[in-house]
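Student: Here you go, this is input-v4.txt (compact mmCIF, C-alpha atoms).
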# COMPACT_ATOMS: atom_id res chain seq x y z
CA MET A 414 -92.54 -73.96 -6.49
CA MET A 415 -89.72 -76.19 -5.29
CA GLU A 416 -90.33 -78.43 -2.29
CA GLU A 417 -88.68 -77.47 0.98
CA PRO A 418 -85.00 -78.52 1.01
CA GLN A 419 -83.63 -81.42 3.01
CA VAL A 420 -80.01 -80.27 2.67
CA VAL A 421 -78.83 -76.65 2.60
CA VAL A 422 -75.18 -76.01 1.82
CA VAL A 423 -73.64 -72.65 2.70
CA GLY A 424 -70.30 -72.30 0.99
CA SER A 425 -68.07 -71.97 -2.01
CA CYS A 426 -68.39 -72.37 -5.76
CA ASN A 427 -65.37 -72.50 -8.08
CA ILE A 428 -64.55 -73.27 -11.66
CA ASP A 429 -61.97 -76.09 -11.72
CA LEU A 430 -59.17 -75.75 -14.25
CA ILE A 431 -57.52 -79.18 -14.18
CA CYS A 432 -54.15 -80.10 -15.72
CA TYR A 433 -53.12 -83.76 -15.80
CA THR A 434 -49.37 -84.49 -15.69
CA THR A 435 -47.09 -87.49 -15.16
CA ARG A 436 -46.00 -86.02 -11.83
CA LEU A 437 -46.50 -82.88 -9.76
CA PRO A 438 -44.05 -80.07 -10.63
CA LYS A 439 -41.19 -79.02 -8.38
CA PRO A 440 -40.85 -75.35 -7.39
CA GLY A 441 -39.84 -73.31 -10.42
CA GLU A 442 -40.32 -76.22 -12.82
CA THR A 443 -42.40 -76.24 -15.99
CA LEU A 444 -43.94 -79.56 -17.08
CA HIS A 445 -45.82 -80.61 -20.18
CA GLY A 446 -49.30 -81.80 -19.25
CA THR A 447 -51.16 -84.68 -20.84
CA LYS A 448 -54.72 -83.35 -20.68
CA PHE A 449 -56.77 -80.32 -19.62
CA GLU A 450 -60.36 -80.16 -18.38
CA LYS A 451 -62.64 -77.43 -17.06
CA GLY A 452 -65.39 -78.28 -14.63
CA TYR A 453 -67.63 -77.02 -11.85
CA GLY A 454 -66.28 -77.25 -8.33
CA GLY A 455 -65.81 -75.53 -5.00
CA LYS A 456 -66.23 -77.52 -1.81
CA GLY A 457 -69.71 -76.24 -1.07
CA ALA A 458 -70.96 -76.74 -4.61
CA ASN A 459 -69.45 -80.22 -4.81
CA GLN A 460 -71.07 -81.32 -1.56
CA CYS A 461 -74.42 -79.91 -2.63
CA VAL A 462 -74.35 -81.53 -6.08
CA MET A 463 -73.36 -84.92 -4.66
CA ALA A 464 -76.22 -84.86 -2.15
CA ALA A 465 -78.63 -83.77 -4.90
CA ARG A 466 -77.52 -86.47 -7.34
CA LEU A 467 -78.01 -89.11 -4.65
CA GLY A 468 -81.61 -87.93 -4.28
CA ALA A 469 -81.77 -85.25 -1.57
CA ARG A 470 -83.70 -82.03 -2.14
CA CYS A 471 -80.91 -79.45 -1.94
CA ALA A 472 -80.42 -75.69 -1.85
CA MET A 473 -77.24 -73.65 -2.12
CA VAL A 474 -76.33 -70.36 -0.42
CA ALA A 475 -73.38 -68.81 -2.25
CA LYS A 476 -71.98 -65.80 -4.09
CA LEU A 477 -70.58 -65.80 -7.64
CA GLY A 478 -69.11 -63.26 -9.98
CA ASP A 479 -71.48 -61.78 -12.54
CA ASP A 480 -69.44 -63.40 -15.32
CA ASP A 481 -69.50 -66.40 -17.64
CA PHE A 482 -68.23 -68.72 -14.90
CA GLY A 483 -70.89 -67.48 -12.48
CA HIS A 484 -73.78 -67.82 -14.90
CA GLY A 485 -72.55 -71.27 -15.91
CA THR A 486 -72.42 -72.34 -12.27
CA VAL A 487 -76.01 -71.25 -11.68
CA GLU A 488 -77.12 -73.23 -14.71
CA ASN A 489 -75.16 -76.25 -13.47
CA PHE A 490 -77.04 -76.08 -10.16
CA ARG A 491 -80.35 -75.94 -11.98
CA THR A 492 -79.35 -78.93 -14.10
CA ASN A 493 -78.71 -80.83 -10.86
CA ASN A 494 -82.09 -79.75 -9.37
CA VAL A 495 -80.48 -77.50 -6.75
CA ASN A 496 -82.49 -74.53 -5.42
CA VAL A 497 -80.60 -71.34 -6.39
CA ASP A 498 -82.88 -68.76 -4.74
CA HIS A 499 -79.94 -67.71 -2.53
CA VAL A 500 -77.12 -68.01 -5.08
CA MET A 501 -76.16 -64.37 -5.66
CA LEU A 502 -74.19 -62.67 -8.44
CA THR A 503 -71.88 -59.70 -7.86
CA LYS A 504 -69.85 -57.37 -10.09
CA GLU A 505 -67.41 -56.66 -7.24
CA ALA A 506 -65.28 -59.78 -7.84
CA SER A 507 -64.82 -62.60 -10.30
CA SER A 508 -66.16 -66.08 -9.66
CA GLY A 509 -63.84 -68.35 -7.69
CA VAL A 510 -61.28 -70.41 -9.60
CA ALA A 511 -59.30 -73.51 -8.61
CA ALA A 512 -56.15 -74.38 -10.56
CA ILE A 513 -55.63 -78.13 -10.07
CA THR A 514 -52.72 -80.36 -11.10
CA VAL A 515 -53.20 -84.13 -10.99
CA ASN A 516 -50.42 -86.72 -11.38
CA GLU A 517 -50.56 -90.30 -12.69
CA GLU A 518 -51.23 -91.67 -9.18
CA GLY A 519 -54.32 -89.49 -8.86
CA GLU A 520 -52.73 -87.16 -6.29
CA ASN A 521 -53.35 -83.46 -6.68
CA CYS A 522 -52.21 -80.01 -5.67
CA ILE A 523 -54.64 -77.10 -5.79
CA VAL A 524 -54.39 -73.30 -5.81
CA ILE A 525 -57.65 -71.43 -5.19
CA VAL A 526 -58.47 -67.81 -6.03
CA SER A 527 -61.59 -67.29 -3.92
CA GLY A 528 -62.98 -64.21 -5.66
CA ALA A 529 -66.69 -63.70 -4.98
CA ASN A 530 -66.75 -66.54 -2.45
CA MET A 531 -65.17 -64.24 0.13
CA LEU A 532 -67.94 -61.67 -0.41
CA LEU A 533 -70.59 -64.06 0.90
CA CYS A 534 -71.32 -62.29 4.17
CA PRO A 535 -73.26 -63.11 7.36
CA GLY A 536 -76.10 -60.87 6.15
CA ASP A 537 -76.51 -63.02 3.04
CA VAL A 538 -76.93 -66.08 5.24
CA THR A 539 -79.40 -64.29 7.50
CA LYS A 540 -81.54 -63.58 4.42
CA ALA A 541 -81.69 -67.36 3.92
CA ASP A 542 -82.93 -67.94 7.47
CA SER A 543 -86.35 -69.23 6.38
CA LEU A 544 -84.67 -71.67 3.97
CA ILE A 545 -82.32 -72.97 6.65
CA ALA A 546 -85.22 -73.38 9.09
CA LEU A 547 -86.90 -75.82 6.68
CA ALA A 548 -83.82 -78.02 6.24
CA THR A 549 -82.92 -81.31 7.90
CA VAL A 550 -79.16 -80.81 7.46
CA VAL A 551 -76.99 -77.72 6.95
CA VAL A 552 -73.45 -78.17 5.62
CA CYS A 553 -70.66 -75.58 5.99
CA GLN A 554 -66.96 -75.36 5.13
CA LEU A 555 -64.15 -72.78 5.29
CA GLU A 556 -63.79 -71.66 1.66
CA VAL A 557 -65.89 -68.58 2.49
CA ASN A 558 -65.52 -65.93 5.19
CA PRO A 559 -65.33 -67.87 8.49
CA HIS A 560 -67.79 -65.45 10.13
CA THR A 561 -70.30 -66.38 7.42
CA THR A 562 -69.81 -70.06 8.22
CA LEU A 563 -70.35 -69.40 11.92
CA THR A 564 -73.54 -67.47 11.19
CA ALA A 565 -74.89 -70.43 9.22
CA LEU A 566 -74.03 -72.89 11.99
CA LYS A 567 -75.73 -70.70 14.61
CA LEU A 568 -78.88 -70.22 12.54
CA ALA A 569 -79.14 -73.94 11.88
CA LYS A 570 -78.75 -74.83 15.55
CA LYS A 571 -81.33 -72.16 16.49
CA HIS A 572 -83.83 -74.01 14.31
CA GLY A 573 -82.80 -77.48 15.55
CA VAL A 574 -81.24 -78.41 12.20
CA THR A 575 -78.39 -80.96 12.15
CA THR A 576 -75.08 -79.29 11.26
CA ILE A 577 -72.06 -80.70 9.45
CA PHE A 578 -68.94 -78.55 9.68
CA ASN A 579 -66.26 -79.60 7.21
CA THR A 580 -63.13 -77.68 8.22
CA ALA A 581 -61.64 -77.79 4.71
CA PRO A 582 -59.34 -76.27 3.66
CA GLY A 583 -58.15 -75.96 7.28
CA LEU A 584 -57.82 -72.96 9.55
CA SER A 585 -56.21 -72.64 12.96
CA GLY A 586 -57.47 -70.49 15.80
CA LEU A 587 -61.22 -71.03 15.37
CA THR A 588 -63.17 -70.14 18.50
CA GLU A 589 -65.17 -72.69 20.48
CA ASP A 590 -68.37 -71.21 19.01
CA TYR A 591 -67.73 -73.04 15.73
CA TYR A 592 -67.55 -76.39 17.46
CA LYS A 593 -70.34 -76.04 19.98
CA HIS A 594 -72.74 -75.30 17.09
CA THR A 595 -71.51 -78.38 15.20
CA ASP A 596 -73.22 -81.75 15.38
CA ILE A 597 -70.73 -83.51 13.10
CA LEU A 598 -67.18 -82.20 12.71
CA CYS A 599 -65.75 -83.70 9.52
CA LEU A 600 -62.09 -83.20 8.66
CA ASN A 601 -59.12 -84.98 7.11
CA GLU A 602 -55.70 -85.58 8.60
CA SER A 603 -54.09 -82.42 7.17
CA GLU A 604 -56.92 -80.27 8.53
CA ALA A 605 -56.59 -81.97 11.91
CA GLU A 606 -52.88 -81.14 11.85
CA THR A 607 -53.71 -77.48 11.20
CA ILE A 608 -56.25 -77.30 14.03
CA LEU A 609 -54.20 -79.26 16.58
CA ASP A 610 -50.70 -78.23 15.42
CA VAL A 611 -49.50 -81.85 15.56
CA PRO A 612 -48.81 -84.30 12.71
CA VAL A 613 -51.34 -87.07 12.03
CA PRO A 614 -49.35 -89.52 9.87
CA ASP A 615 -51.06 -92.80 10.79
CA LEU A 616 -54.01 -94.42 12.55
CA SER A 617 -52.33 -94.38 15.94
CA ALA A 618 -51.75 -90.64 15.68
CA GLY A 619 -55.29 -90.30 14.34
CA GLU A 620 -56.76 -91.94 17.43
CA ALA A 621 -54.71 -89.63 19.66
CA ALA A 622 -55.94 -86.65 17.63
CA MET A 623 -59.53 -87.81 18.08
CA GLU A 624 -59.24 -87.44 21.85
CA ARG A 625 -58.16 -83.82 21.45
CA LEU A 626 -60.81 -83.12 18.80
CA GLN A 627 -63.50 -84.41 21.16
CA ALA A 628 -62.63 -81.63 23.58
CA LEU A 629 -63.59 -78.94 21.05
CA GLY A 630 -67.27 -79.24 21.95
CA CYS A 631 -68.99 -80.79 18.92
CA GLY A 632 -71.38 -83.74 19.00
CA CYS A 633 -69.43 -86.11 16.78
CA VAL A 634 -65.97 -86.22 15.18
CA VAL A 635 -65.27 -87.84 11.81
CA LEU A 636 -61.63 -88.01 10.72
CA THR A 637 -61.08 -89.16 7.14
CA MET A 638 -57.62 -90.56 6.41
CA GLY A 639 -57.69 -91.51 2.74
CA GLU A 640 -56.53 -95.06 2.10
CA ARG A 641 -56.33 -95.63 5.88
CA GLY A 642 -60.10 -95.28 6.18
CA VAL A 643 -62.23 -93.26 8.60
CA LEU A 644 -62.13 -92.78 12.38
CA TYR A 645 -65.22 -91.57 14.19
CA THR A 646 -66.60 -91.10 17.67
CA GLN A 647 -69.79 -89.54 19.01
CA CYS A 648 -70.99 -87.94 22.22
CA GLN A 649 -74.33 -88.96 23.75
CA GLN A 650 -75.54 -87.40 26.99
CA GLY A 651 -72.07 -86.08 27.70
CA VAL A 652 -70.29 -89.42 27.22
CA TRP A 653 -68.02 -90.06 24.24
CA SER A 654 -68.05 -93.46 22.58
CA ARG A 655 -64.80 -95.24 21.85
CA VAL A 656 -63.07 -94.41 18.57
CA GLU A 657 -64.34 -96.63 15.76
CA HIS A 658 -62.41 -97.42 12.57
CA ILE A 659 -63.93 -98.03 9.13
CA GLU A 660 -61.64 -99.61 6.54
CA ALA A 661 -61.22 -97.78 3.25
CA HIS A 662 -62.95 -99.21 0.20
CA ARG A 663 -60.04 -100.23 -2.06
CA VAL A 664 -60.01 -98.99 -5.65
CA GLU A 665 -57.45 -97.95 -8.24
CA ALA A 666 -57.31 -94.16 -8.02
CA ILE A 667 -57.20 -92.06 -11.18
CA ASP A 668 -58.05 -88.65 -9.73
CA THR A 669 -58.74 -87.92 -6.05
CA THR A 670 -60.03 -84.38 -6.68
CA GLY A 671 -63.38 -83.83 -4.96
CA ALA A 672 -63.45 -87.17 -3.14
CA GLY A 673 -63.62 -85.53 0.29
CA ASP A 674 -66.51 -83.36 -0.85
CA ALA A 675 -68.28 -86.43 -2.22
CA PHE A 676 -67.93 -88.03 1.23
CA VAL A 677 -69.47 -85.01 2.98
CA GLY A 678 -72.27 -84.69 0.43
CA ALA A 679 -73.09 -88.38 0.74
CA LEU A 680 -73.13 -88.12 4.54
CA ALA A 681 -75.56 -85.19 4.30
CA TYR A 682 -77.76 -87.26 2.00
CA TYR A 683 -77.88 -90.18 4.44
CA LEU A 684 -78.60 -87.95 7.43
CA ALA A 685 -81.45 -86.27 5.57
CA CYS A 686 -82.94 -89.18 3.61
CA LEU A 687 -82.01 -92.38 5.47
CA PRO A 688 -81.85 -91.30 9.13
CA GLU A 689 -82.68 -94.84 10.29
CA LEU A 690 -79.13 -95.93 9.42
CA SER A 691 -76.52 -95.92 12.18
CA LEU A 692 -73.82 -93.27 11.93
CA GLY A 693 -71.24 -95.97 11.30
CA GLU A 694 -73.22 -97.35 8.36
CA MET A 695 -73.72 -93.86 6.93
CA LEU A 696 -69.97 -93.26 7.08
CA ARG A 697 -69.17 -96.66 5.55
CA ARG A 698 -71.50 -96.00 2.63
CA ALA A 699 -70.20 -92.44 2.20
CA GLY A 700 -66.69 -93.89 2.03
CA VAL A 701 -67.72 -96.31 -0.72
CA ILE A 702 -69.27 -93.45 -2.70
CA ALA A 703 -66.18 -91.25 -2.25
CA SER A 704 -63.88 -94.06 -3.37
CA HIS A 705 -66.08 -94.59 -6.42
CA THR A 706 -65.41 -90.99 -7.53
CA VAL A 707 -61.62 -91.39 -7.60
CA THR A 708 -61.90 -93.98 -10.36
CA ALA A 709 -62.89 -91.23 -12.84
CA ARG A 710 -61.35 -87.90 -13.81
CA GLY A 711 -62.61 -84.53 -12.68
CA THR A 712 -64.59 -83.29 -9.71
CA GLN A 713 -68.37 -83.20 -10.16
CA SER A 714 -67.85 -84.98 -13.47
CA SER A 715 -66.70 -88.01 -11.46
CA TYR A 716 -69.90 -88.14 -9.37
CA HIS A 717 -71.49 -90.96 -11.39
CA VAL A 718 -74.21 -91.99 -8.95
CA ASN A 719 -76.08 -93.99 -11.59
CA THR A 720 -73.30 -96.61 -11.52
CA LEU A 721 -73.31 -97.03 -7.73
CA PRO A 722 -74.54 -100.30 -6.20
CA ARG A 723 -78.28 -99.95 -5.61
CA GLU A 724 -78.04 -101.16 -2.01
CA LEU A 725 -76.20 -97.95 -1.08
CA MET A 726 -79.51 -96.11 -1.49
CA LEU A 727 -81.61 -98.57 0.52
CA PRO A 728 -82.29 -98.57 4.29
Render the structure in this file as structure tokens.
Tutor:
Amino acid sequence: MMEEPQVVVVGSCNIDLICYTTRLPKPGETLHGTKFEKGYGGKGANQCVMAARLGARCAMVAKLGDDDFGHGTVENFRTNNVNVDHVMLTKEASSGVAAITVNEEGENCIVIVSGANMLLCPGDVTKADSLIALATVVVCQLEVNPHTTLTALKLAKKHGVTTIFNTAPGLSGLTEDYYKHTDILCLNESEAETILDVPVPDLSAGEAAMERLQALGCGCVVLTMGERGVLYTQCQQGVWSRVEHIEAHRVEAIDTTGAGDAFVGALAYYLACLPELSLGEMLRRAGVIASHTVTARGTQSSYHVNTLPRELMLP
């Protein structure tokens, strides 16, 4: 029997179909690609696999199509030592698919067909209540039904479990319930723009956005801004700290796909396995790990934790 999980991820699983091109196509344009790869992805699955590869005991709550992609995804979880007791298969929809195009600078554009991901319902999460109660950290995103995400956040908070809410891929109009059940709100600049309905083009705008994000009711706000680094602030006993900035770890990017998920998965690992670290140090290390992934192609295939500096895994 598997040990109780430290990290439970409630969220999406996709098959990534990745085309590499010299540049991203314009509307109506057909380009010749240079390479094609298929891999396992989905924001929830990516975050779970990253945390597991770093060394956390992980479990996934998800729904897949009863098809080749779905069965392959379950086997991929098992290969990565992820508990799949609450990974369900359905014949009502196909497994989720992400069509990804990546240019020579490592930038990408992504189209997702959610499929079975959207059939993961609040009742499925409720069935995983005993699993969630055992966890140290629960991670949620928005690639499944938002009501399912909110159910997971509420159950986790009921059991005193730390919650990370990654608002990817971005959704406006979320109620305050989402945020008041969130310990760490983690989002990038485009997701902040969607939530706040204002552009966040630079650090100055990011700091202004942080003040508005604080008012949503969560315990901590982490705003990732790519090559500009990370902004974060936290609330203790009703008082918000000043906004802190962590410089980005500079690398030559080949493919940025999945880097944000690697960041969230690494943060979940640190919260669960190295809680003695300060939040700032956790975020700095998570940023280094995320930057490491963009130096290789693919999503989970770029999560080469065995080549990371050993000190990243030490207190």
Student: Could you pull the residues within 7 Å of region 577-589 of chain A, counting all atoms listed in the file, minus those fewer than 3 positions along the same chain, as a list in words?
Tutor: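 Using all atoms listed in the file, the neighbours found are Val551, Val552, Cys553, Gln554, Leu555, Glu556, Tyr592, Lys593, Thr595, Asp596, Ile597, Leu598, Cys599, Leu600, Glu604, Thr607, Ile608 and Leu629 of chain A.
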Student: Please save C-alpha atoms of the selected residues as a PDB file, in the coordinates of the input.
Tutor:
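And here's result.pdb as it stands now:
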ATOM      1  CA  VAL A 551     -76.990 -77.720   6.950  1.00  0.00           C
ATOM      2  CA  VAL A 552     -73.450 -78.170   5.620  1.00  0.00           C
ATOM      3  CA  CYS A 553     -70.660 -75.580   5.990  1.00  0.00           C
ATOM      4  CA  GLN A 554     -66.960 -75.360   5.130  1.00  0.00           C
ATOM      5  CA  LEU A 555     -64.150 -72.780   5.290  1.00  0.00           C
ATOM      6  CA  GLU A 556     -63.790 -71.660   1.660  1.00  0.00           C
ATOM      7  CA  TYR A 592     -67.550 -76.390  17.460  1.00  0.00           C
ATOM      8  CA  LYS A 593     -70.340 -76.040  19.980  1.00  0.00           C
ATOM      9  CA  THR A 595     -71.510 -78.380  15.200  1.00  0.00           C
ATOM     10  CA  ASP A 596     -73.220 -81.750  15.380  1.00  0.00           C
ATOM     11  CA  ILE A 597     -70.730 -83.510  13.100  1.00  0.00           C
ATOM     12  CA  LEU A 598     -67.180 -82.200  12.710  1.00  0.00           C
ATOM     13  CA  CYS A 599     -65.750 -83.700   9.520  1.00  0.00           C
ATOM     14  CA  LEU A 600     -62.090 -83.200   8.660  1.00  0.00           C
ATOM     15  CA  GLU A 604     -56.920 -80.270   8.530  1.00  0.00           C
ATOM     16  CA  THR A 607     -53.710 -77.480  11.200  1.00  0.00           C
ATOM     17  CA  ILE A 608     -56.250 -77.300  14.030  1.00  0.00           C
ATOM     18  CA  LEU A 629     -63.590 -78.940  21.050  1.00  0.00           C
TER      19      LEU A 629
END
Student: So how far away is CA of Gly711 (chain A) from CA of Val557 (chain A), in Å?
Tutor: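 For CA of Val557 (chain A) relative to CA of Gly711 (chain A), the distance reads 22.3 Å.
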Student: With distances taken over all atoms listed in the file, which residue among A:Leu616, A:Ala546, A:Gly509, A:His705 lies nearest Val524 (chain A)?
Tutor: A:Gly509
Student: What gap, in Å, lies between CA of Thr564 (chain A) and CA of Ala672 (chain A)?
Tutor: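 Interatomic distance here is 26.4 Å.
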Student: Go through A:Gln460, A:Ser704, A:Ser715, A:Asn427 and flag the residue nearest Val664 (chain A), using all atoms listed in the file for the distances.
Tutor: A:Ser704
Student: Could you list, as a VMD selection string, every residue within 9 Å of region 485-489 of chain A, counting all atoms listed in the file and ignoring same-chain residues fewer than 6 positions away?
Tutor: chain A and resid 426 to 428 453 to 454 458 477 495 497 500
Student: Pop region 697-725 of chain A out of the structure in the block and write N, CA and C atoms as a PDB file, in the first residue's frame.
Tutor:
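Done, and the output landed in decode34.pdb:
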ATOM      1  N   ARG A 697      12.605  31.181  -5.047  1.00  0.00           N
ATOM      2  CA  ARG A 697      13.872  31.311  -5.788  1.00  0.00           C
ATOM      3  C   ARG A 697      14.276  29.966  -6.375  1.00  0.00           C
ATOM      4  N   ARG A 698      14.227  28.925  -5.554  1.00  0.00           N
ATOM      5  CA  ARG A 698      14.613  27.595  -6.028  1.00  0.00           C
ATOM      6  C   ARG A 698      13.650  27.087  -7.096  1.00  0.00           C
ATOM      7  N   ALA A 699      12.350  27.336  -6.909  1.00  0.00           N
ATOM      8  CA  ALA A 699      11.371  26.915  -7.910  1.00  0.00           C
ATOM      9  C   ALA A 699      11.635  27.605  -9.240  1.00  0.00           C
ATOM     10  N   GLY A 700      12.062  28.868  -9.177  1.00  0.00           N
ATOM     11  CA  GLY A 700      12.400  29.595 -10.393  1.00  0.00           C
ATOM     12  C   GLY A 700      13.598  29.001 -11.109  1.00  0.00           C
ATOM     13  N   VAL A 701      14.595  28.576 -10.349  1.00  0.00           N
ATOM     14  CA  VAL A 701      15.773  27.932 -10.941  1.00  0.00           C
ATOM     15  C   VAL A 701      15.356  26.631 -11.636  1.00  0.00           C
ATOM     16  N   ILE A 702      14.515  25.854 -10.968  1.00  0.00           N
ATOM     17  CA  ILE A 702      14.062  24.589 -11.545  1.00  0.00           C
ATOM     18  C   ILE A 702      13.252  24.835 -12.815  1.00  0.00           C
ATOM     19  N   ALA A 703      12.347  25.822 -12.778  1.00  0.00           N
ATOM     20  CA  ALA A 703      11.546  26.132 -13.967  1.00  0.00           C
ATOM     21  C   ALA A 703      12.424  26.574 -15.127  1.00  0.00           C
ATOM     22  N   SER A 704      13.426  27.396 -14.841  1.00  0.00           N
ATOM     23  CA  SER A 704      14.322  27.868 -15.906  1.00  0.00           C
ATOM     24  C   SER A 704      15.134  26.714 -16.488  1.00  0.00           C
ATOM     25  N   HIS A 705      15.442  25.746 -15.652  1.00  0.00           N
ATOM     26  CA  HIS A 705      16.188  24.576 -16.112  1.00  0.00           C
ATOM     27  C   HIS A 705      15.385  23.808 -17.167  1.00  0.00           C
ATOM     28  N   THR A 706      14.061  23.781 -17.028  1.00  0.00           N
ATOM     29  CA  THR A 706      13.235  23.008 -17.959  1.00  0.00           C
ATOM     30  C   THR A 706      13.177  23.633 -19.345  1.00  0.00           C
ATOM     31  N   VAL A 707      13.353  24.943 -19.458  1.00  0.00           N
ATOM     32  CA  VAL A 707      13.230  25.579 -20.772  1.00  0.00           C
ATOM     33  C   VAL A 707      14.466  25.363 -21.638  1.00  0.00           C
ATOM     34  N   THR A 708      15.490  24.735 -21.086  1.00  0.00           N
ATOM     35  CA  THR A 708      16.693  24.451 -21.864  1.00  0.00           C
ATOM     36  C   THR A 708      16.592  23.122 -22.597  1.00  0.00           C
ATOM     37  N   ALA A 709      15.440  22.437 -22.489  1.00  0.00           N
ATOM     38  CA  ALA A 709      15.208  21.173 -23.191  1.00  0.00           C
ATOM     39  C   ALA A 709      13.829  21.209 -23.838  1.00  0.00           C
ATOM     40  N   ARG A 710      13.629  20.395 -24.843  1.00  0.00           N
ATOM     41  CA  ARG A 710      12.355  20.367 -25.558  1.00  0.00           C
ATOM     42  C   ARG A 710      11.318  19.539 -24.801  1.00  0.00           C
ATOM     43  N   GLY A 711      10.047  19.891 -25.055  1.00  0.00           N
ATOM     44  CA  GLY A 711       8.955  19.112 -24.492  1.00  0.00           C
ATOM     45  C   GLY A 711       8.469  19.652 -23.163  1.00  0.00           C
ATOM     46  N   THR A 712       7.493  18.970 -22.613  1.00  0.00           N
ATOM     47  CA  THR A 712       6.893  19.376 -21.338  1.00  0.00           C
ATOM     48  C   THR A 712       7.478  18.510 -20.228  1.00  0.00           C
ATOM     49  N   GLN A 713       6.813  17.439 -19.853  1.00  0.00           N
ATOM     50  CA  GLN A 713       7.380  16.574 -18.810  1.00  0.00           C
ATOM     51  C   GLN A 713       8.722  15.980 -19.229  1.00  0.00           C
ATOM     52  N   SER A 714       8.929  15.848 -20.518  1.00  0.00           N
ATOM     53  CA  SER A 714      10.215  15.320 -20.995  1.00  0.00           C
ATOM     54  C   SER A 714      11.370  16.269 -20.718  1.00  0.00           C
ATOM     55  N   SER A 715      11.061  17.514 -20.361  1.00  0.00           N
ATOM     56  CA  SER A 715      12.120  18.483 -20.027  1.00  0.00           C
ATOM     57  C   SER A 715      12.377  18.560 -18.521  1.00  0.00           C
ATOM     58  N   TYR A 716      11.644  17.783 -17.734  1.00  0.00           N
ATOM     59  CA  TYR A 716      11.777  17.832 -16.275  1.00  0.00           C
ATOM     60  C   TYR A 716      12.913  16.903 -15.822  1.00  0.00           C
ATOM     61  N   HIS A 717      14.136  17.273 -16.163  1.00  0.00           N
ATOM     62  CA  HIS A 717      15.303  16.433 -15.871  1.00  0.00           C
ATOM     63  C   HIS A 717      15.850  16.759 -14.475  1.00  0.00           C
ATOM     64  N   VAL A 718      15.213  16.281 -13.450  1.00  0.00           N
ATOM     65  CA  VAL A 718      15.607  16.651 -12.093  1.00  0.00           C
ATOM     66  C   VAL A 718      16.949  16.052 -11.691  1.00  0.00           C
ATOM     67  N   ASN A 719      17.363  14.988 -12.370  1.00  0.00           N
ATOM     68  CA  ASN A 719      18.644  14.362 -12.016  1.00  0.00           C
ATOM     69  C   ASN A 719      19.837  15.229 -12.387  1.00  0.00           C
ATOM     70  N   THR A 720      19.630  16.247 -13.212  1.00  0.00           N
ATOM     71  CA  THR A 720      20.728  17.143 -13.589  1.00  0.00           C
ATOM     72  C   THR A 720      20.694  18.459 -12.818  1.00  0.00           C
ATOM     73  N   LEU A 721      19.755  18.601 -11.881  1.00  0.00           N
ATOM     74  CA  LEU A 721      19.678  19.826 -11.088  1.00  0.00           C
ATOM     75  C   LEU A 721      20.784  19.878 -10.055  1.00  0.00           C
ATOM     76  N   PRO A 722      21.242  21.073  -9.694  1.00  0.00           N
ATOM     77  CA  PRO A 722      22.232  21.192  -8.606  1.00  0.00           C
ATOM     78  C   PRO A 722      21.703  20.563  -7.316  1.00  0.00           C
ATOM     79  N   ARG A 723      22.513  19.774  -6.663  1.00  0.00           N
ATOM     80  CA  ARG A 723      22.079  19.026  -5.488  1.00  0.00           C
ATOM     81  C   ARG A 723      21.591  19.942  -4.365  1.00  0.00           C
ATOM     82  N   GLU A 724      22.168  21.127  -4.267  1.00  0.00           N
ATOM     83  CA  GLU A 724      21.801  22.021  -3.160  1.00  0.00           C
ATOM     84  C   GLU A 724      20.343  22.471  -3.232  1.00  0.00           C
ATOM     85  N   LEU A 725      19.711  22.345  -4.405  1.00  0.00           N
ATOM     86  CA  LEU A 725      18.298  22.719  -4.518  1.00  0.00           C
ATOM     87  C   LEU A 725      17.403  21.801  -3.701  1.00  0.00           C
TER      88      LEU A 725
END
